[in-house]
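Quick look at data_26.cif (mmCIF, C-alpha atoms and all ligand atoms):
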```cif
data_coords
loop_
_atom_site.label_atom_id
_atom_site.label_comp_id
_atom_site.auth_asym_id
_atom_site.auth_seq_id
_atom_site.Cartn_x
_atom_site.Cartn_y
_atom_site.Cartn_z
CA MET A 1 103.68 121.13 68.13
CA SER A 2 102.44 121.48 71.71
CA THR A 3 104.20 121.00 75.03
CA ILE A 4 102.30 118.71 77.37
CA LEU A 5 103.07 118.08 81.05
CA VAL A 6 102.43 114.41 81.85
CA THR A 7 102.52 113.24 85.46
CA GLY A 8 102.98 109.57 86.28
CA ALA A 9 104.96 109.35 83.04
CA CYS A 10 106.88 106.25 84.14
CA GLY A 11 103.67 104.47 85.05
CA PHE A 12 101.95 101.87 82.95
CA ILE A 13 99.54 104.24 81.18
CA GLY A 14 101.76 107.34 81.38
CA TRP A 15 104.53 105.63 79.43
CA LYS A 16 102.15 104.86 76.56
CA VAL A 17 100.67 108.34 76.60
CA CYS A 18 104.18 109.85 76.37
CA GLU A 19 105.04 107.53 73.47
CA LEU A 20 101.99 108.61 71.51
CA LEU A 21 102.57 112.31 72.20
CA LEU A 22 106.21 112.09 71.11
CA ALA A 23 105.28 110.05 68.03
CA ARG A 24 102.97 112.79 66.83
CA GLY A 25 105.64 115.45 67.42
CA ASP A 26 104.61 116.99 70.73
CA ALA A 27 107.12 117.89 73.43
CA VAL A 28 106.61 116.12 76.77
CA ILE A 29 107.58 117.30 80.23
CA ALA A 30 107.39 114.04 82.13
CA VAL A 31 106.99 114.04 85.90
CA ASP A 32 107.28 110.99 88.14
CA ASP A 33 108.65 110.39 91.63
CA LEU A 34 109.61 106.79 90.81
CA ASN A 35 108.24 105.67 94.16
CA ALA A 36 108.44 102.09 95.38
CA ALA A 37 104.71 101.32 95.49
CA TYR A 38 105.73 98.51 93.15
CA ASP A 39 109.06 97.34 91.71
CA VAL A 40 110.88 100.43 90.45
CA ARG A 41 112.59 98.39 87.73
CA LEU A 42 109.33 98.43 85.79
CA LYS A 43 109.19 102.24 85.95
CA GLU A 44 112.85 102.52 84.96
CA TRP A 45 112.34 100.08 82.10
CA ARG A 46 109.55 102.29 80.75
CA LEU A 47 111.57 105.48 81.29
CA GLU A 48 114.49 104.01 79.34
CA ARG A 49 112.18 103.66 76.33
CA LEU A 50 111.42 107.39 76.48
CA ARG A 51 114.74 108.94 77.44
CA GLY A 52 116.70 110.59 74.68
CA ARG A 53 113.77 110.88 72.34
CA PRO A 54 113.43 114.33 70.76
CA GLY A 55 111.11 116.54 72.79
CA PHE A 56 111.26 114.41 75.94
CA ALA A 57 112.28 115.93 79.29
CA PHE A 58 112.06 114.12 82.63
CA ILE A 59 111.66 115.64 86.09
CA ARG A 60 111.75 113.46 89.18
CA ALA A 61 109.32 115.16 91.53
CA ASP A 62 106.51 114.33 93.94
CA ILE A 63 103.26 116.07 92.93
CA SER A 64 102.01 116.02 96.51
CA ASP A 65 104.90 118.23 97.56
CA ARG A 66 103.60 121.71 97.09
CA TRP A 67 107.11 123.12 97.31
CA ALA A 68 108.25 120.95 94.41
CA LEU A 69 106.03 123.06 92.23
CA PRO A 70 108.51 125.90 91.79
CA ALA A 71 110.86 123.35 90.19
CA LEU A 72 108.05 122.14 87.98
CA THR A 73 107.20 125.67 87.08
CA ARG A 74 110.78 126.46 86.12
CA ALA A 75 110.78 123.46 83.81
CA VAL A 76 107.53 124.64 82.31
CA GLU A 77 109.09 128.01 81.62
CA THR A 78 112.22 126.69 79.95
CA THR A 79 110.50 124.32 77.52
CA GLY A 80 107.99 126.79 76.19
CA PRO A 81 104.37 127.36 77.03
CA VAL A 82 102.67 124.24 78.28
CA SER A 83 99.26 123.84 76.67
CA ALA A 84 97.91 121.02 78.85
CA VAL A 85 98.50 118.92 81.94
CA ILE A 86 97.67 115.22 81.90
CA ASN A 87 97.56 113.99 85.50
CA LEU A 88 98.12 110.25 85.57
CA ALA A 89 100.29 110.16 88.70
CA ALA A 90 98.45 108.37 91.45
CA ARG A 91 98.50 105.77 94.09
CA ALA A 92 96.44 103.18 92.25
CA GLY A 93 94.89 99.93 93.37
CA VAL A 94 91.87 99.22 95.48
CA ARG A 95 93.13 96.74 98.07
CA ALA A 96 96.39 98.54 98.92
CA SER A 97 94.44 101.73 99.57
CA VAL A 98 92.71 100.08 102.51
CA ASN A 99 96.11 99.62 104.21
CA ASP A 100 97.40 103.15 103.62
CA PRO A 101 94.65 105.65 102.78
CA TRP A 102 96.96 108.57 103.64
CA ALA A 103 99.30 107.87 100.74
CA TYR A 104 96.28 107.88 98.43
CA VAL A 105 94.89 111.16 99.71
CA SER A 106 98.33 112.76 99.56
CA THR A 107 99.00 111.99 95.89
CA ASN A 108 95.51 111.65 94.45
CA VAL A 109 93.89 114.60 96.21
CA THR A 110 96.63 117.02 97.33
CA GLY A 111 98.73 116.21 94.27
CA THR A 112 95.81 116.91 91.95
CA LEU A 113 95.09 120.16 93.78
CA ASN A 114 98.73 121.23 93.36
CA LEU A 115 98.56 120.59 89.62
CA LEU A 116 95.25 122.37 89.22
CA ASP A 117 96.76 125.33 90.99
CA LEU A 118 99.84 125.14 88.76
CA CYS A 119 97.50 125.35 85.76
CA TRP A 120 95.71 128.33 87.19
CA THR A 121 98.87 130.25 88.09
CA ARG A 122 100.64 129.39 84.80
CA GLU A 123 97.52 129.98 82.68
CA ILE A 124 97.45 126.42 81.35
CA ARG A 125 93.91 126.03 80.09
CA LYS A 126 93.51 122.26 79.74
CA PHE A 127 93.56 119.58 82.43
CA VAL A 128 93.05 115.85 81.84
CA LEU A 129 92.54 113.77 84.98
CA ALA A 130 92.76 110.00 85.26
CA SER A 131 89.89 108.59 87.29
CA THR A 132 88.49 105.12 87.75
CA SER A 133 85.62 102.72 87.23
CA SER A 134 85.99 101.88 90.94
CA LEU A 135 83.85 104.94 91.61
CA TYR A 136 80.76 103.11 90.38
CA GLY A 137 80.84 100.82 93.41
CA GLY A 138 78.56 97.84 93.72
CA ASP A 139 75.02 99.14 93.26
CA ASN A 140 74.81 100.93 89.93
CA PRO A 141 73.07 99.38 86.94
CA ARG A 142 75.45 98.07 84.26
CA PRO A 143 76.80 99.18 81.89
CA PHE A 144 77.96 102.12 84.03
CA ARG A 145 77.02 105.54 82.72
CA GLU A 146 78.92 108.66 83.73
CA ASP A 147 75.84 110.12 85.43
CA ALA A 148 75.46 107.10 87.77
CA ALA A 149 75.77 107.72 91.52
CA THR A 150 79.42 107.81 92.60
CA ASP A 151 79.11 109.23 96.09
CA ARG A 152 79.34 105.90 97.92
CA PRO A 153 82.86 104.65 97.13
CA LEU A 154 83.93 101.29 98.57
CA SER A 155 87.63 102.03 98.96
CA PRO A 156 89.92 104.91 99.94
CA TYR A 157 91.27 104.72 96.38
CA ALA A 158 87.84 105.37 94.86
CA ALA A 159 87.10 108.05 97.46
CA SER A 160 90.37 109.84 96.66
CA LYS A 161 89.59 109.82 92.94
CA LYS A 162 86.12 111.19 93.58
CA ALA A 163 87.70 114.00 95.60
CA ALA A 164 90.09 114.74 92.70
CA GLU A 165 87.19 114.82 90.23
CA VAL A 166 85.23 117.33 92.28
CA MET A 167 88.28 119.48 93.03
CA ALA A 168 88.91 119.66 89.27
CA HIS A 169 85.32 120.76 88.86
CA THR A 170 85.88 123.53 91.39
CA TYR A 171 88.83 124.86 89.38
CA HIS A 172 86.75 124.66 86.22
CA ALA A 173 83.92 126.60 87.90
CA LEU A 174 86.18 129.21 89.50
CA TYR A 175 88.72 129.79 86.77
CA GLY A 176 87.11 128.49 83.58
CA MET A 177 89.71 125.76 83.13
CA ASP A 178 88.80 123.04 80.62
CA VAL A 179 88.75 119.67 82.37
CA THR A 180 88.29 116.19 80.97
CA VAL A 181 87.99 113.45 83.59
CA LEU A 182 88.59 109.99 82.15
CA ARG A 183 87.34 106.97 84.09
CA PHE A 184 89.51 104.05 83.04
CA PHE A 185 88.31 100.45 83.27
CA THR A 186 90.91 97.78 84.30
CA VAL A 187 93.74 98.59 81.92
CA PHE A 188 96.04 95.77 80.81
CA GLY A 189 98.92 95.14 78.42
CA PRO A 190 102.71 94.74 78.25
CA ALA A 191 104.78 96.10 81.17
CA GLY A 192 101.63 96.60 83.22
CA ARG A 193 101.18 96.99 86.95
CA PRO A 194 102.26 93.93 88.95
CA ASP A 195 99.44 94.34 91.46
CA MET A 196 96.88 93.67 88.74
CA SER A 197 95.38 90.28 88.00
CA LEU A 198 96.55 89.62 84.44
CA PHE A 199 100.20 90.47 85.12
CA ARG A 200 100.12 88.22 88.17
CA PHE A 201 98.44 85.34 86.37
CA VAL A 202 101.03 85.43 83.57
CA GLN A 203 103.92 85.49 86.04
CA TRP A 204 102.51 82.90 88.44
CA ILE A 205 101.57 80.40 85.74
CA SER A 206 104.85 80.91 83.83
CA GLU A 207 106.87 80.26 86.99
CA GLY A 208 104.75 77.35 88.18
CA ARG A 209 103.57 79.28 91.25
CA GLU A 210 100.18 78.94 92.85
CA VAL A 211 97.59 81.35 91.43
CA THR A 212 95.58 83.28 94.02
CA VAL A 213 92.14 84.43 92.99
CA PHE A 214 90.14 86.68 95.32
CA GLY A 215 86.52 85.54 95.22
CA ASP A 216 85.31 82.62 93.12
CA GLY A 217 86.64 84.01 89.84
CA THR A 218 83.18 84.72 88.43
CA GLN A 219 83.66 88.45 88.85
CA GLN A 220 83.79 90.40 85.61
CA ARG A 221 86.10 93.18 84.50
CA ASP A 222 85.79 95.39 81.46
CA PHE A 223 89.50 94.91 80.59
CA THR A 224 90.75 97.70 78.34
CA TYR A 225 93.98 97.56 76.34
CA VAL A 226 96.59 100.16 77.29
CA ASP A 227 97.15 101.47 73.73
CA ASP A 228 93.43 102.13 73.38
CA VAL A 229 93.39 104.01 76.68
CA ALA A 230 96.42 106.10 75.67
CA ARG A 231 94.69 107.02 72.40
CA GLY A 232 91.67 108.12 74.41
CA VAL A 233 93.84 110.34 76.61
CA LEU A 234 95.18 112.10 73.51
CA ALA A 235 91.66 112.47 72.15
CA ALA A 236 90.68 114.15 75.44
CA LEU A 237 93.28 116.87 74.80
CA ALA A 238 91.22 117.95 71.81
CA ALA A 239 87.81 117.63 73.49
CA ALA A 240 85.39 120.54 73.42
CA PRO A 241 85.82 123.14 76.20
CA GLY A 242 84.04 122.67 79.52
CA TYR A 243 84.03 120.00 82.22
CA GLU A 244 83.29 116.45 81.12
CA ILE A 245 83.52 113.00 82.69
CA ILE A 246 84.05 110.21 80.14
CA ASN A 247 84.39 106.43 80.53
CA LEU A 248 87.17 104.68 78.67
CA GLY A 249 86.34 100.98 78.73
CA SER A 250 86.11 98.17 76.23
CA ASP A 251 82.36 97.53 76.66
CA ARG A 252 83.18 93.77 76.71
CA PRO A 253 83.25 92.46 80.30
CA ILE A 254 85.34 89.31 80.76
CA VAL A 255 84.88 86.74 83.53
CA LEU A 256 88.13 86.49 85.53
CA ASN A 257 88.23 82.68 85.33
CA ASP A 258 87.97 82.92 81.53
CA ALA A 259 90.92 85.32 81.44
CA LEU A 260 92.87 82.85 83.57
CA HIS A 261 92.08 79.95 81.22
CA LEU A 262 93.04 82.05 78.20
CA ILE A 263 96.44 82.71 79.76
CA GLU A 264 96.88 79.01 80.54
CA GLY A 265 96.19 78.30 76.87
CA LEU A 266 98.61 80.94 75.58
CA LEU A 267 101.36 79.73 77.90
CA GLY A 268 100.57 76.07 77.34
CA GLN A 269 100.66 75.51 81.12
CA ARG A 270 98.03 74.58 83.68
CA ALA A 271 97.47 76.83 86.69
CA SER A 272 97.20 75.57 90.23
CA ILE A 273 94.50 77.87 91.58
CA ARG A 274 93.67 78.82 95.16
CA TYR A 275 90.46 80.75 95.65
CA ARG A 276 90.44 83.12 98.62
CA ASP A 277 87.73 85.29 100.16
CA ARG A 278 86.64 88.20 98.06
CA HIS A 279 87.93 91.52 99.39
CA PRO A 280 85.07 93.79 100.55
CA ALA A 281 86.59 96.74 98.63
CA ASP A 282 86.41 94.79 95.34
CA VAL A 283 83.34 95.19 93.16
CA ASP A 284 81.63 92.22 91.51
CA ALA A 285 81.61 93.52 87.99
CA THR A 286 82.58 96.52 85.89
CA TRP A 287 81.22 97.36 82.48
CA ALA A 288 81.55 100.72 80.72
CA ASP A 289 78.91 102.49 78.74
CA ILE A 290 81.15 104.19 76.19
CA SER A 291 78.61 106.21 74.23
CA GLU A 292 80.03 109.45 75.64
CA ALA A 293 83.57 108.51 74.55
CA ARG A 294 82.23 107.83 71.06
CA ARG A 295 80.21 111.02 70.96
CA LEU A 296 82.63 113.47 72.59
CA LEU A 297 86.00 112.01 71.64
CA GLY A 298 85.24 109.97 68.52
CA TRP A 299 86.95 107.16 70.44
CA GLN A 300 86.37 103.46 70.58
CA PRO A 301 88.47 100.48 71.63
CA GLU A 302 90.26 98.63 68.85
CA THR A 303 92.21 95.83 70.49
CA GLU A 304 90.51 92.49 71.07
CA PHE A 305 91.03 90.99 74.52
CA VAL A 306 92.77 87.88 73.16
CA ALA A 307 95.24 89.94 71.12
CA GLY A 308 95.97 92.20 74.10
CA VAL A 309 96.63 89.28 76.43
CA GLY A 310 98.84 87.78 73.72
CA ALA A 311 100.92 90.97 73.69
CA LEU A 312 101.25 90.83 77.49
CA VAL A 313 102.39 87.19 77.35
CA ASP A 314 104.93 88.01 74.61
CA TRP A 315 106.30 90.90 76.67
CA TYR A 316 106.65 88.65 79.72
CA ARG A 317 108.52 86.01 77.73
CA ARG A 318 110.96 88.59 76.34
CA ASN A 319 111.57 90.08 79.81
CA ARG A 320 111.30 86.97 81.90
CA ASP A 321 114.88 87.09 83.21
CA TRP A 322 113.95 90.02 85.47
CA ALA A 323 110.12 90.05 85.31
CA ARG A 324 110.00 86.68 87.11
CA ASP A 325 111.42 88.37 90.26
CA ILE A 326 108.99 91.28 90.37
CA ALA A 327 107.01 91.15 93.60
CA THR A 328 103.39 90.46 92.77
N1 LIG A 401 95.64 100.69 85.33
C1 LIG A 401 94.32 100.72 85.52
O1 LIG A 401 93.63 99.74 85.34
C2 LIG A 401 93.64 102.00 85.95
C3 LIG A 401 92.25 101.96 86.10
C4 LIG A 401 91.60 103.12 86.51
C5 LIG A 401 92.32 104.27 86.74
N2 LIG A 401 93.68 104.27 86.60
C6 LIG A 401 94.40 105.52 86.87
O2 LIG A 401 95.26 105.80 85.77
C7 LIG A 401 96.43 106.45 86.23
C8 LIG A 401 97.67 105.67 85.78
O3 LIG A 401 97.59 104.36 86.33
P1 LIG A 401 98.68 103.26 86.05
O4 LIG A 401 97.99 101.95 85.99
O5 LIG A 401 99.56 103.69 84.94
O6 LIG A 401 99.47 103.31 87.44
P2 LIG A 401 101.03 103.31 87.74
O7 LIG A 401 101.15 103.13 89.21
O8 LIG A 401 101.73 102.35 86.85
O9 LIG A 401 101.46 104.77 87.33
C9 LIG A 401 101.40 105.86 88.18
C10 LIG A 401 102.75 106.57 88.16
O10 LIG A 401 102.63 107.73 88.97
C11 LIG A 401 103.81 107.86 89.74
N3 LIG A 401 103.46 108.56 90.96
C12 LIG A 401 102.70 108.10 91.98
N4 LIG A 401 102.62 109.02 92.95
C13 LIG A 401 103.34 110.10 92.53
C14 LIG A 401 103.63 111.35 93.10
N5 LIG A 401 103.18 111.69 94.32
N6 LIG A 401 104.39 112.22 92.39
C15 LIG A 401 104.84 111.89 91.15
N7 LIG A 401 104.61 110.68 90.57
C16 LIG A 401 103.86 109.80 91.25
C17 LIG A 401 104.26 106.43 90.02
O11 LIG A 401 105.65 106.35 90.30
C18 LIG A 401 103.89 105.73 88.72
O12 LIG A 401 104.98 105.69 87.82
C19 LIG A 401 96.29 106.55 87.75
O13 LIG A 401 95.76 107.81 88.05
C20 LIG A 401 95.29 105.47 88.08
O14 LIG A 401 94.60 105.76 89.27
C21 LIG A 401 94.35 103.15 86.22
#
```

Could you write out this structure as structure tokens?
Amino acid sequence: MSTILVTGACGFIGWKVCELLLARGDAVIAVDDLNAAYDVRLKEWRLERLRGRPGFAFIRADISDRWALPALTRAVETTGPVSAVINLAARAGVRASVNDPWAYVSTNVTGTLNLLDLCWTREIRKFVLASTSSLYGGDNPRPFREDAATDRPLSPYAASKKAAEVMAHTYHALYGMDVTVLRFFTVFGPAGRPDMSLFRFVQWISEGREVTVFGDGTQQRDFTYVDDVARGVLAALAAAPGYEIINLGSDRPIVLNDALHLIEGLLGQRASIRYRDRHPADVDATWADISEARRLLGWQPETEFVAGVGALVDWYRRNRDWARDIAT
């Protein structure tokens, strides 16, 4: 049994990562500040599913607050030696980052630095960092390989993740820390983020609201199911020593309009769609080359897109009494 520190544990992906760790018998020190970047009820709903489970401890703390670290450290000391940090806490989302880049730099850059330094001072050897396909921008050939150029990000979000990646490299180079950077591709599934397209489409169509699509809907996303991503995060814990950047995507890009029509079909309802101008920070298409994930992690996606969207729709139906009011 290992003790793993997971930040962003009440987030969409963090919740699933904690579930998998607990299911295999690891202890989890979960950190989240439960901020209001989106409806906190979603974060509390996820936390309720984790609370009370053997090996689970929760700390409400802000990773960007350097002086919160002593509290974190104390928790680390009381639950036994932590063997790894998985840093999933972030301000996520491309468009919102344009409005408030400072919040993104604070959590995604300073917060990551604080955790890297915690690892160094507490002699925690392994660091897993969540990064993003947004780094590939608009000009790289598809499917995106990890060695593609990522120094021309189109949003403060992507820029902040690039900064976190390179800061993690610095700690690897200086202190020999083992770092796995995982670039996730548009993750979806039950209890997902309400700023993301599939959650919104399900809610808007279910409630008979107008569906807003940025762009003409022909953009493609390499939608990846949350359980697959969480499995990949656990696989990264066991990756060979060193510093690696690895894509976790489904390698099956889906056209946004097709996703929308699939949801209409699953709900048995027609959408009233309004197309708006594409946001300049949005990229046209994402598509992951996942040969490195196969080679280094023995990982590959298992959930078909249709099955994953079905699970999201089922979750929404079961939670509709409150999910209908979540601001999207
Ligand atoms: N969901 C995706 O499609 C996707 C794609 C690429 C990368 N990622 C990355 O994966 C990670 C998880 O994303 P997610 O979709 O689960 O997002 P999420 O917003 O649901 O989860 C992030 C969690 O971190 C917490 N958090 C934010 N700032 C914090 C801080 N300063 N201190 C402590 N906790 C803080 C939030 O309260 C939230 O619960 C993020 O790093 C994100 O950038 C996600």

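The nearest approach to Arg145 in chain A among the residues A:Asn114, A:Thr218, A:Thr286, A:Ser272, with all atoms listed in the file taken into account, belongs to A:Thr286.
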
**Message:** Just checking: using all atoms listed in the file, which residue out of A:Gly268, A:Pro194, A:Gly298, A:Pro101 ends up closest to Arg324 in chain A?
**Reply:**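 For Arg324 in chain A, the nearest of the candidates is A:Pro194.
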
**Item:** Protein and nucleic acid residues within 7 Å of ligand LIG 401 (chain A) (all atoms listed in the file) as a VMD selection string
**Value:** chain A and resid 7 to 14 31 to 35 43 61 to 64 87 to 92 107 111 130 to 133 183 to 188 192 to 193

**Request:** Enter the distance from CA of Leu69 in chain A to CA of Val85 in chain A, in Å, rounded to one decimal.
**Result:** 13.4 Å

**Request:** Around the point (79.4, 124.6, 84.0), in the coordinates given by the file, pick out the residues reaching within 10 Å, counting all atoms listed in the file, and return them as a ChimeraX atom specification.
**Result:** /A:169-170,172-174,176,242-244

**Close residues, Asp251 in chain A itself excluded, 7 Å, all atoms listed in the file, min 2 positions apart in chain, as a list of chain:residue names** =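 In the requested format, the answer is A:Asp222, A:Gly249, A:Pro253, A:Trp287, A:Ala288, A:Asp289, A:Ile290.
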
**Item:** Given only C-alpha atoms as the counted atoms, nearest of A:Val309, A:Leu262, A:Val255, A:Ala158 to Ala96 in chain A
**Value:**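 Closest to Ala96 in chain A, using only C-alpha atoms: A:Ala158.
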
**Request:** Do a neighbour search on Pro153 in chain A at 8 Å with only C-alpha atoms, toss out local chain neighbours closer than 6 positions, and write the hits as a PyMOL selection string.
**Result:** chain A and resi 134-137+159

Tell me, as a compact mmCIF listing (two decimals) with C-alpha atoms, in the coordinates of the input, which residues lie within 8 Å of Tyr316 in chain A, counting all atoms listed in the file; anything in the same chain fewer than 6 positions away does not count.
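Output contents, as saved in selection.txt:
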```
# COMPACT_ATOMS: atom_id res chain seq x y z
CA PRO A 190 102.71 94.74 78.25
CA ALA A 191 104.78 96.10 81.17
CA VAL A 202 101.03 85.43 83.57
CA GLN A 203 103.92 85.49 86.04
CA ALA A 323 110.12 90.05 85.31
```

**Prompt:** In Å, how far is it from CA of Leu21 in chain A to CA of Phe223 in chain A?
**Reply:**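 These atoms are spaced 23.3 Å apart.
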
Using the file's own x, y and z axes, what box holds all listed atoms of range 152-167 of chain A with 6 Å on each side, keeping edges along x, y and z, and what are its centre and edge lengths in Å to one decimal, as lines of an AutoDock Vina configuration file?
```
center_x = 85.3
center_y = 110.4
center_z = 95.1
size_x = 23.9
size_y = 30.2
size_z = 21.7
```

**Item:** Shell of 10 Å around Val179 in chain A, only C-alpha atoms, local chain residues under 5 positions omitted, as a list of chain:residue names
**Value:**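 Once the nearby chain positions are removed, what remains is A:Ala84, A:Val85, A:Ile86, A:Leu116, A:Arg125, A:Lys126, A:Phe127, A:Val128, A:Leu129, A:Glu165, A:Ala168, A:His169, A:Tyr171, A:His172, A:Ala236, A:Leu237, A:Ala239, A:Ala240, A:Pro241, A:Gly242, A:Tyr243, A:Glu244, A:Ile245.
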
Range 41-123 of chain A near range 317-321 of chain A within 12 Å: what's each residue's closest atom pair and its distance in Å to one decimal, counting only C-alpha atoms, ordered by chain then ascending residue number, as a Markdown table?
```
| residue | atom | partner | partner_atom | distance |
| --- | --- | --- | --- | --- |
| A:Arg41 | CA | A:Asn319 | CA | 11.5 |
| A:Leu42 | CA | A:Asn319 | CA | 10.5 |
| A:Trp45 | CA | A:Asn319 | CA | 10.3 |
```

**Asked** What gap, in Å, lies between CA of Gly25 in chain A and CA of Leu47 in chain A?
**Response**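 These two atoms are separated by 18.1 Å.
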
**Request:** Do a neighbour search on Leu266 in chain A at 12 Å with all atoms listed in the file, toss out local chain neighbours closer than 2 positions, and write the hits as a list in words.
**Result:**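 My list of contacting residues is Phe201, Val202, Ile205, Ser206, Ala259, Leu260, His261, Leu262, Ile263, Glu264, Gly268, Gln269, Arg270, Ala271, Val306, Ala307, Gly308, Val309, Gly310, Ala311, Leu312, Val313, Asp314, Tyr316 and Arg317 of chain A.
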
**Prompt:** Which one is closest to Asp282 in chain A: A:Val94, A:Val166, A:Ile246, A:Val211? Count all atoms listed in the file.
**Reply:** A:Val94

**Request:** Between A:Asn140, A:Thr180, A:Thr303, A:Ser160, single out the one closest to Val283 in chain A, counting only C-alpha atoms.
**Result:**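 Distance minimum relative to Val283 in chain A lands on A:Asn140.
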